[in-house]
file structure.cif (mmCIF, C-alpha atoms)
data_protein
#
loop_
_atom_site.group_PDB
_atom_site.id
_atom_site.type_symbol
_atom_site.label_atom_id
_atom_site.label_comp_id
_atom_site.auth_asym_id
_atom_site.auth_seq_id
_atom_site.Cartn_x
_atom_site.Cartn_y
_atom_site.Cartn_z
ATOM 1 C CA MET A 1388 52.300 180.677 56.273
ATOM 2 C CA LYS A 1389 51.902 179.258 52.764
ATOM 3 C CA ILE A 1390 53.237 180.852 49.592
ATOM 4 C CA PHE A 1391 51.773 179.466 46.369
ATOM 5 C CA PHE A 1392 53.391 180.166 43.004
ATOM 6 C CA LEU A 1393 51.448 180.025 39.758
ATOM 7 C CA ARG A 1394 53.273 180.319 36.463
ATOM 8 C CA HIS A 1395 51.540 182.082 33.584
ATOM 9 C CA THR A 1396 49.926 180.106 30.763
ATOM 10 C CA SER A 1397 51.526 179.273 27.409
ATOM 11 C CA LEU A 1398 52.562 181.902 24.867
ATOM 12 C CA ASN A 1399 52.669 182.223 21.090
ATOM 13 C CA VAL A 1400 56.458 182.141 20.994
ATOM 14 C CA SER A 1401 58.989 179.573 19.858
ATOM 15 C CA PRO A 1402 60.672 177.714 22.757
ATOM 16 C CA ASP A 1403 64.169 178.808 21.654
ATOM 17 C CA ILE A 1404 63.352 182.552 21.924
ATOM 18 C CA PHE A 1405 64.651 184.610 24.852
ATOM 19 C CA TYR A 1406 61.614 186.691 25.834
ATOM 20 C CA GLY A 1407 62.296 187.839 29.434
ATOM 21 C CA GLN A 1408 60.427 191.096 30.041
ATOM 22 C CA THR A 1409 58.899 191.409 26.564
ATOM 23 C CA ASP A 1410 55.185 191.917 27.190
ATOM 24 C CA LEU A 1411 53.827 188.999 25.174
ATOM 25 C CA GLU A 1412 50.187 188.014 24.775
ATOM 26 C CA VAL A 1413 49.016 184.585 25.950
ATOM 27 C CA SER A 1414 48.385 181.770 23.465
ATOM 28 C CA ASN A 1415 45.027 180.818 21.977
ATOM 29 C CA ASN A 1416 44.880 177.979 24.541
ATOM 30 C CA PHE A 1417 44.350 180.417 27.419
ATOM 31 C CA ASP A 1418 40.711 179.527 28.187
ATOM 32 C CA MET A 1419 41.439 175.810 28.206
ATOM 33 C CA GLU A 1420 44.531 176.270 30.390
ATOM 34 C CA LEU A 1421 42.610 178.586 32.743
ATOM 35 C CA LYS A 1422 40.013 175.864 33.318
ATOM 36 C CA VAL A 1423 42.764 173.384 34.310
ATOM 37 C CA ILE A 1424 44.368 175.989 36.608
ATOM 38 C CA LYS A 1425 41.057 176.691 38.353
ATOM 39 C CA GLU A 1426 40.675 172.950 38.971
ATOM 40 C CA LYS A 1427 44.198 172.826 40.490
ATOM 41 C CA ILE A 1428 43.397 175.778 42.742
ATOM 42 C CA SER A 1429 40.184 174.112 43.879
ATOM 43 C CA LYS A 1430 41.911 170.753 44.455
ATOM 44 C CA GLN A 1431 44.572 172.455 46.607
ATOM 45 C CA LYS A 1432 41.785 174.201 48.574
ATOM 46 C CA ILE A 1433 43.179 177.681 47.918
ATOM 47 C CA ASP A 1434 40.551 180.192 49.042
ATOM 48 C CA LEU A 1435 40.963 183.021 46.530
ATOM 49 C CA LYS A 1436 38.784 185.304 48.674
ATOM 50 C CA LYS A 1437 41.068 185.010 51.711
ATOM 51 C CA ILE A 1438 44.526 184.768 50.157
ATOM 52 C CA LYS A 1439 46.562 187.835 49.164
ATOM 53 C CA ILE A 1440 47.345 187.681 45.423
ATOM 54 C CA PHE A 1441 50.358 189.291 43.759
ATOM 55 C CA SER A 1442 51.125 189.377 40.054
ATOM 56 C CA SER A 1443 53.816 190.491 37.704
ATOM 57 C CA PRO A 1444 52.347 193.378 35.677
ATOM 58 C CA LEU A 1445 53.285 191.716 32.372
ATOM 59 C CA LYS A 1446 50.182 190.692 30.381
ATOM 60 C CA ARG A 1447 50.842 186.975 30.527
ATOM 61 C CA CYS A 1448 50.707 187.019 34.333
ATOM 62 C CA TYR A 1449 48.186 189.756 34.959
ATOM 63 C CA LYS A 1450 45.622 188.249 32.563
ATOM 64 C CA LEU A 1451 45.787 184.972 34.480
ATOM 65 C CA ALA A 1452 45.683 186.654 37.904
ATOM 66 C CA SER A 1453 42.704 188.829 36.985
ATOM 67 C CA SER A 1454 40.898 185.779 35.580
ATOM 68 C CA ILE A 1455 40.970 184.052 38.960
ATOM 69 C CA SER A 1456 40.418 187.064 41.250
ATOM 70 C CA LEU A 1457 39.355 190.706 41.229
ATOM 71 C CA LYS A 1458 41.800 191.725 43.984
ATOM 72 C CA ILE A 1459 45.281 191.686 42.482
ATOM 73 C CA ASN A 1460 48.395 193.461 43.726
ATOM 74 C CA GLN A 1461 50.663 194.134 40.735
ATOM 75 C CA ASP A 1462 54.355 194.364 41.562
ATOM 76 C CA ASP A 1463 57.112 195.279 39.092
ATOM 77 C CA ARG A 1464 59.662 193.357 41.165
ATOM 78 C CA LEU A 1465 58.025 190.097 40.020
ATOM 79 C CA LYS A 1466 58.912 190.654 36.369
ATOM 80 C CA GLU A 1467 61.106 188.083 34.667
ATOM 81 C CA LEU A 1468 64.865 188.604 34.286
ATOM 82 C CA ASN A 1469 65.565 191.560 31.980
ATOM 83 C CA LEU A 1470 67.304 189.967 28.990
ATOM 84 C CA GLY A 1471 68.291 193.306 27.455
ATOM 85 C CA ASP A 1472 69.787 192.865 23.988
ATOM 86 C CA TRP A 1473 68.794 189.196 23.991
ATOM 87 C CA GLU A 1474 65.048 189.913 24.214
ATOM 88 C CA MET A 1475 63.059 188.232 21.418
ATOM 89 C CA LYS A 1476 66.151 186.678 19.848
ATOM 90 C CA PRO A 1477 66.534 182.963 19.198
ATOM 91 C CA ARG A 1478 69.342 181.382 21.202
ATOM 92 C CA GLU A 1479 71.180 180.587 17.934
ATOM 93 C CA ASN A 1480 71.414 184.341 17.149
ATOM 94 C CA ILE A 1481 73.271 185.100 20.388
ATOM 95 C CA PRO A 1482 77.038 184.709 20.032
ATOM 96 C CA LYS A 1483 77.988 181.278 21.402
ATOM 97 C CA GLU A 1484 80.803 182.723 23.527
ATOM 98 C CA MET A 1485 78.322 185.105 25.222
ATOM 99 C CA VAL A 1486 75.941 182.247 26.087
ATOM 100 C CA GLU A 1487 78.905 180.218 27.420
ATOM 101 C CA LYS A 1488 80.040 183.160 29.593
ATOM 102 C CA TRP A 1489 76.489 183.483 30.928
ATOM 103 C CA GLU A 1490 76.248 179.758 31.711
ATOM 104 C CA LYS A 1491 79.675 179.707 33.430
ATOM 105 C CA ASN A 1492 78.961 182.854 35.461
ATOM 106 C CA LEU A 1493 75.216 182.432 35.939
ATOM 107 C CA MET A 1494 75.026 184.787 38.895
ATOM 108 C CA SER A 1495 77.356 187.641 37.936
ATOM 109 C CA PHE A 1496 77.148 187.766 34.125
ATOM 110 C CA LYS A 1497 75.205 190.845 33.074
ATOM 111 C CA ILE A 1498 73.350 190.505 29.801
ATOM 112 C CA PRO A 1499 74.104 193.576 27.652
ATOM 113 C CA ASN A 1500 71.507 196.257 28.484
ATOM 114 C CA GLY A 1501 69.787 193.743 30.773
ATOM 115 C CA GLU A 1502 70.449 192.529 34.292
ATOM 116 C CA SER A 1503 72.538 189.882 36.019
ATOM 117 C CA ASN A 1504 70.974 187.174 38.147
ATOM 118 C CA GLU A 1505 72.511 188.904 41.186
ATOM 119 C CA GLU A 1506 70.521 192.047 40.344
ATOM 120 C CA PHE A 1507 67.437 189.958 39.582
ATOM 121 C CA LEU A 1508 67.630 188.184 42.956
ATOM 122 C CA ALA A 1509 68.169 191.483 44.810
ATOM 123 C CA ARG A 1510 64.911 192.739 43.270
ATOM 124 C CA LEU A 1511 63.106 189.521 44.239
ATOM 125 C CA SER A 1512 64.605 189.580 47.774
ATOM 126 C CA ASP A 1513 63.149 193.020 48.309
ATOM 127 C CA PHE A 1514 59.722 191.661 47.329
ATOM 128 C CA CYS A 1515 60.145 188.640 49.661
ATOM 129 C CA GLU A 1516 60.867 190.863 52.648
ATOM 130 C CA ASP A 1517 57.594 192.704 52.090
ATOM 131 C CA VAL A 1518 55.563 189.520 51.554
ATOM 132 C CA LEU A 1519 56.882 187.811 54.695
ATOM 133 C CA ASN A 1520 55.754 190.802 56.746
ATOM 134 C CA TYR A 1521 52.126 190.135 55.760
ATOM 135 C CA LYS A 1522 52.062 186.942 57.846
ATOM 136 C CA GLN A 1523 49.247 185.504 55.730
ATOM 137 C CA ASP A 1524 48.972 183.023 52.875
ATOM 138 C CA VAL A 1525 49.949 184.420 49.497
ATOM 139 C CA LEU A 1526 49.516 183.435 45.838
ATOM 140 C CA ILE A 1527 52.095 184.826 43.413
ATOM 141 C CA VAL A 1528 51.411 184.756 39.659
ATOM 142 C CA ALA A 1529 54.754 185.089 37.929
ATOM 143 C CA HIS A 1530 57.364 183.747 35.506
ATOM 144 C CA ALA A 1531 59.526 180.601 35.677
ATOM 145 C CA GLY A 1532 62.692 182.596 36.408
ATOM 146 C CA SER A 1533 60.976 184.721 39.051
ATOM 147 C CA ILE A 1534 59.429 181.666 40.698
ATOM 148 C CA ASN A 1535 62.780 179.859 40.783
ATOM 149 C CA GLY A 1536 64.410 182.974 42.244
ATOM 150 C CA LEU A 1537 61.729 183.428 44.903
ATOM 151 C CA ILE A 1538 61.925 179.753 45.889
ATOM 152 C CA ALA A 1539 65.734 179.982 46.154
ATOM 153 C CA ILE A 1540 65.479 183.039 48.401
ATOM 154 C CA LEU A 1541 62.690 181.692 50.606
ATOM 155 C CA THR A 1542 64.266 178.238 51.076
ATOM 156 C CA LYS A 1543 67.839 179.550 51.249
ATOM 157 C CA LYS A 1544 68.902 177.211 48.419
ATOM 158 C CA PRO A 1545 71.487 178.420 45.864
ATOM 159 C CA PHE A 1546 69.661 179.856 42.844
ATOM 160 C CA ASP A 1547 72.136 178.510 40.289
ATOM 161 C CA LYS A 1548 71.663 174.927 41.553
ATOM 162 C CA LEU A 1549 67.923 175.271 42.057
ATOM 163 C CA VAL A 1550 67.380 176.631 38.559
ATOM 164 C CA LYS A 1551 69.272 173.682 37.028
ATOM 165 C CA ASN A 1552 67.309 171.133 39.065
ATOM 166 C CA TYR A 1553 63.810 172.624 38.837
ATOM 167 C CA TRP A 1554 63.655 174.801 35.709
ATOM 168 C CA GLU A 1555 61.581 172.349 33.656
ATOM 169 C CA LYS A 1556 59.245 171.488 36.560
ATOM 170 C CA ILE A 1557 57.921 175.066 36.608
ATOM 171 C CA SER A 1558 55.939 174.603 33.404
ATOM 172 C CA TYR A 1559 53.186 176.834 32.016
ATOM 173 C CA GLY A 1560 50.228 176.973 34.400
ATOM 174 C CA SER A 1561 52.004 174.954 37.095
ATOM 175 C CA LEU A 1562 51.388 175.435 40.790
ATOM 176 C CA SER A 1563 54.117 175.224 43.454
ATOM 177 C CA LEU A 1564 54.000 175.648 47.216
ATOM 178 C CA ILE A 1565 56.392 176.668 49.975
ATOM 179 C CA VAL A 1566 55.317 176.271 53.590
ATOM 180 C CA PHE A 1567 56.929 178.352 56.330
ATOM 181 C CA LYS A 1568 57.716 176.899 59.739
ATOM 182 C CA ASN A 1569 59.993 178.658 62.217
ATOM 183 C CA ASN A 1570 60.843 181.311 59.592
ATOM 184 C CA LEU A 1571 62.219 178.724 57.173
ATOM 185 C CA GLY A 1572 60.571 177.962 53.853
ATOM 186 C CA LYS A 1573 60.277 174.323 52.823
ATOM 187 C CA ILE A 1574 59.226 173.158 49.354
ATOM 188 C CA GLU A 1575 55.973 171.238 49.710
ATOM 189 C CA TYR A 1576 55.606 170.600 45.980
ATOM 190 C CA LEU A 1577 56.799 171.954 42.628
ATOM 191 C CA GLY A 1578 55.104 172.142 39.264
ATOM 192 C CA LYS A 1579 51.722 170.513 39.956
#
call {"tool": "encode", "arguments": {"input": "structure.cif", "output": "structure tokens"}}
result
Amino acid sequence: MKIFFLRHTSLNVSPDIFYGQTDLEVSNNFDMELKVIKEKISKQKIDLKKIKIFSSPLKRCYKLASSISLKINQDDRLKELNLGDWEMKPRENIPKEMVEKWEKNLMSFKIPNGESNEEFLARLSDFCEDVLNYKQDVLIVAHAGSINGLIAILTKKPFDKLVKNYWEKISYGSLSLIVFKNNLGKIEYLGK
């Protein structure tokens, strides 16, 4: 079984903004980025007619998913981490001591009116259980945080370490792959 991950395309938002579950529109580069993504999909020989496709319902993911296939399964569990009171705020506007607490307690710190990474991963784990029962190749169109979380769960690697090592590799429009053998997921590639 193969599980492909495709991150959404770029957005019209400053890189220092926490945007989590805010339903942002894609950037003006969407058509150009879509062309590159379609070439990647073709190069990796992903048959979009045979693979089961899941997408976060947020616009930035669903627009991409529906541009590559007509058969999309939207799933709320694929949404990015809920950043609560931090949504759409620049990092510099969040009290430094709060950001430090979050970084020191990456798993258990709960963002005010948002969710902790423990809660986030529980939501993603529930999705993984369902997907693994399909026993067929899957393409998931999602967010960097969601993709990192899903990879951590499926490969049994600690999320906090994985996110530090691979965060930047999961760039806009990147493709990643996990291959399952003997019920264990192995990273084939990240961020192509």
call {"tool": "atom_distance", "arguments": {"input": "structure.cif", "atom1": "atom CA of A:Glu1474", "atom2": "atom CA of A:Tyr1406"}}
result
5.0 Å
call {"tool": "residues_around", "arguments": {"input": "structure.cif", "residues": "A:Asp1513", "least_positions_apart": "5", "cutoff": "10 Å", "atoms": "all atoms listed in the file", "output": "VMD selection string"}}
result
chain A and resid 1464 1508 1518
call {"tool": "resolve_selection", "arguments": {"input": "structure.cif", "expression": "the PyMOL selection byres ((chain A and resi 1540-1547) around 9)", "output": "PyMOL selection string"}}
result
chain A and resi 1493-1494+1504+1508+1511-1512+1515+1535-1539+1548-1552+1565+1567+1571-1574
call {"tool": "resolve_selection", "arguments": {"input": "structure.cif", "expression": "the PyMOL selection byres ((chain A and resi 1392-1397) around 10)", "output": "PyMOL selection string"}}
result
chain A and resi 1389-1391+1398-1400+1412-1421+1424+1428+1440-1443+1445-1452+1525-1535+1537-1538+1557-1565+1577-1579
call {"tool": "residues_around", "arguments": {"input": "structure.cif", "residues": "A:Asn1469", "least_positions_apart": "3", "cutoff": "6 Å", "atoms": "all atoms listed in the file", "output": "list of chain:residue names"}}
result
A:Gly1407, A:Gln1408, A:Gly1501, A:Glu1502
call {"tool": "residues_around", "arguments": {"input": "structure.cif", "residues": "A:Pro1444", "least_positions_apart": "3", "cutoff": "8 Å", "atoms": "only C-alpha atoms", "output": "ChimeraX atom specification"}}
result
/A:1448-1449,1461-1463,1465-1466
call {"tool": "atom_distance", "arguments": {"input": "structure.cif", "atom1": "atom CA of A:Trp1473", "atom2": "atom CA of A:Phe1405"}}
result
6.2 Å
call {"tool": "atom_distance", "arguments": {"input": "structure.cif", "atom1": "atom CA of A:Gly1471", "atom2": "atom CA of A:Lys1497"}}
result
9.2 Å
call {"tool": "closest_residue", "arguments": {"input": "structure.cif", "among": "A:Asn1570, A:Lys1422, A:Ile1455, A:Trp1554", "to": "A:Asp1434", "atoms": "all atoms listed in the file"}}
result
A:Ile1455
call {"tool": "closest_residue", "arguments": {"input": "structure.cif", "among": "A:Lys1458, A:Asn1492, A:Leu1470, A:Asn1569", "to": "A:Phe1507", "atoms": "all atoms listed in the file"}}
result
A:Leu1470
call {"tool": "closest_residue", "arguments": {"input": "structure.cif", "among": "A:Lys1425, A:Lys1483, A:Lys1491, A:Arg1510", "to": "A:Ser1454", "atoms": "all atoms listed in the file"}}
result
A:Lys1425
call {"tool": "resolve_selection", "arguments": {"input": "structure.cif", "expression": "the PyMOL selection byres ((chain A and resi 1477-1479) around 7)", "output": "NGL selection string"}}
result
:A and (1403-1405 or 1475-1476 or 1480-1481)
call {"tool": "closest_residue", "arguments": {"input": "structure.cif", "among": "A:Asp1524, A:Asp1410, A:Glu1575, A:Glu1555", "to": "A:Ile1438", "atoms": "all atoms listed in the file"}}
result
A:Asp1524
call {"tool": "build_atoms", "arguments": {"input": "structure.cif", "residues": "stretch 1413-1433 of chain A", "atoms": "N, CA, C and O atoms", "output": "PDB file, in the coordinates of the input"}}
result
ATOM      1  N   VAL A1413      49.155 186.020  25.707  1.00  0.00           N
ATOM      2  CA  VAL A1413      49.016 184.585  25.950  1.00  0.00           C
ATOM      3  C   VAL A1413      48.598 183.878  24.660  1.00  0.00           C
ATOM      4  O   VAL A1413      48.135 184.510  23.717  1.00  0.00           O
ATOM      5  N   SER A1414      48.741 182.540  24.658  1.00  0.00           N
ATOM      6  CA  SER A1414      48.385 181.770  23.465  1.00  0.00           C
ATOM      7  C   SER A1414      46.865 181.623  23.337  1.00  0.00           C
ATOM      8  O   SER A1414      46.113 181.973  24.248  1.00  0.00           O
ATOM      9  N   ASN A1415      46.451 181.055  22.226  1.00  0.00           N
ATOM     10  CA  ASN A1415      45.027 180.818  21.977  1.00  0.00           C
ATOM     11  C   ASN A1415      44.460 179.731  22.896  1.00  0.00           C
ATOM     12  O   ASN A1415      43.253 179.522  22.929  1.00  0.00           O
ATOM     13  N   ASN A1416      45.311 179.036  23.625  1.00  0.00           N
ATOM     14  CA  ASN A1416      44.880 177.979  24.541  1.00  0.00           C
ATOM     15  C   ASN A1416      44.523 178.513  25.921  1.00  0.00           C
ATOM     16  O   ASN A1416      44.261 177.732  26.832  1.00  0.00           O
ATOM     17  N   PHE A1417      44.525 179.825  26.089  1.00  0.00           N
ATOM     18  CA  PHE A1417      44.350 180.417  27.419  1.00  0.00           C
ATOM     19  C   PHE A1417      43.104 179.907  28.146  1.00  0.00           C
ATOM     20  O   PHE A1417      43.189 179.488  29.312  1.00  0.00           O
ATOM     21  N   ASP A1418      41.955 179.930  27.510  1.00  0.00           N
ATOM     22  CA  ASP A1418      40.711 179.527  28.187  1.00  0.00           C
ATOM     23  C   ASP A1418      40.756 178.078  28.660  1.00  0.00           C
ATOM     24  O   ASP A1418      40.322 177.768  29.777  1.00  0.00           O
ATOM     25  N   MET A1419      41.318 177.219  27.838  1.00  0.00           N
ATOM     26  CA  MET A1419      41.439 175.810  28.206  1.00  0.00           C
ATOM     27  C   MET A1419      42.414 175.648  29.388  1.00  0.00           C
ATOM     28  O   MET A1419      42.140 174.923  30.343  1.00  0.00           O
ATOM     29  N   GLU A1420      43.542 176.341  29.318  1.00  0.00           N
ATOM     30  CA  GLU A1420      44.531 176.270  30.390  1.00  0.00           C
ATOM     31  C   GLU A1420      43.981 176.873  31.686  1.00  0.00           C
ATOM     32  O   GLU A1420      44.255 176.366  32.784  1.00  0.00           O
ATOM     33  N   LEU A1421      43.213 177.947  31.569  1.00  0.00           N
ATOM     34  CA  LEU A1421      42.610 178.586  32.743  1.00  0.00           C
ATOM     35  C   LEU A1421      41.685 177.609  33.464  1.00  0.00           C
ATOM     36  O   LEU A1421      41.689 177.537  34.698  1.00  0.00           O
ATOM     37  N   LYS A1422      40.925 176.850  32.716  1.00  0.00           N
ATOM     38  CA  LYS A1422      40.013 175.864  33.318  1.00  0.00           C
ATOM     39  C   LYS A1422      40.808 174.851  34.147  1.00  0.00           C
ATOM     40  O   LYS A1422      40.434 174.524  35.276  1.00  0.00           O
ATOM     41  N   VAL A1423      41.905 174.356  33.606  1.00  0.00           N
ATOM     42  CA  VAL A1423      42.764 173.384  34.310  1.00  0.00           C
ATOM     43  C   VAL A1423      43.355 174.027  35.571  1.00  0.00           C
ATOM     44  O   VAL A1423      43.397 173.402  36.640  1.00  0.00           O
ATOM     45  N   ILE A1424      43.792 175.272  35.464  1.00  0.00           N
ATOM     46  CA  ILE A1424      44.368 175.989  36.608  1.00  0.00           C
ATOM     47  C   ILE A1424      43.330 176.164  37.712  1.00  0.00           C
ATOM     48  O   ILE A1424      43.630 175.948  38.897  1.00  0.00           O
ATOM     49  N   LYS A1425      42.120 176.533  37.349  1.00  0.00           N
ATOM     50  CA  LYS A1425      41.057 176.691  38.353  1.00  0.00           C
ATOM     51  C   LYS A1425      40.784 175.370  39.072  1.00  0.00           C
ATOM     52  O   LYS A1425      40.529 175.361  40.280  1.00  0.00           O
ATOM     53  N   GLU A1426      40.859 174.269  38.348  1.00  0.00           N
ATOM     54  CA  GLU A1426      40.675 172.950  38.971  1.00  0.00           C
ATOM     55  C   GLU A1426      41.805 172.661  39.957  1.00  0.00           C
ATOM     56  O   GLU A1426      41.574 172.133  41.044  1.00  0.00           O
ATOM     57  N   LYS A1427      43.046 173.015  39.590  1.00  0.00           N
ATOM     58  CA  LYS A1427      44.198 172.826  40.490  1.00  0.00           C
ATOM     59  C   LYS A1427      44.016 173.646  41.763  1.00  0.00           C
ATOM     60  O   LYS A1427      44.266 173.160  42.865  1.00  0.00           O
ATOM     61  N   ILE A1428      43.600 174.883  41.591  1.00  0.00           N
ATOM     62  CA  ILE A1428      43.397 175.778  42.742  1.00  0.00           C
ATOM     63  C   ILE A1428      42.332 175.204  43.669  1.00  0.00           C
ATOM     64  O   ILE A1428      42.502 175.190  44.895  1.00  0.00           O
ATOM     65  N   SER A1429      41.263 174.710  43.094  1.00  0.00           N
ATOM     66  CA  SER A1429      40.184 174.112  43.879  1.00  0.00           C
ATOM     67  C   SER A1429      40.675 172.848  44.594  1.00  0.00           C
ATOM     68  O   SER A1429      40.409 172.651  45.782  1.00  0.00           O
ATOM     69  N   LYS A1430      41.396 172.004  43.883  1.00  0.00           N
ATOM     70  CA  LYS A1430      41.911 170.753  44.455  1.00  0.00           C
ATOM     71  C   LYS A1430      42.860 171.022  45.626  1.00  0.00           C
ATOM     72  O   LYS A1430      42.891 170.270  46.599  1.00  0.00           O
ATOM     73  N   GLN A1431      43.632 172.099  45.535  1.00  0.00           N
ATOM     74  CA  GLN A1431      44.572 172.455  46.607  1.00  0.00           C
ATOM     75  C   GLN A1431      43.895 173.263  47.716  1.00  0.00           C
ATOM     76  O   GLN A1431      44.537 173.698  48.658  1.00  0.00           O
ATOM     77  N   LYS A1432      42.585 173.470  47.572  1.00  0.00           N
ATOM     78  CA  LYS A1432      41.785 174.201  48.574  1.00  0.00           C
ATOM     79  C   LYS A1432      42.330 175.605  48.862  1.00  0.00           C
ATOM     80  O   LYS A1432      42.414 176.043  50.001  1.00  0.00           O
ATOM     81  N   ILE A1433      42.711 176.295  47.794  1.00  0.00           N
ATOM     82  CA  ILE A1433      43.179 177.681  47.918  1.00  0.00           C
ATOM     83  C   ILE A1433      41.947 178.583  47.877  1.00  0.00           C
ATOM     84  O   ILE A1433      41.227 178.601  46.879  1.00  0.00           O
TER      85      ILE A1433
END
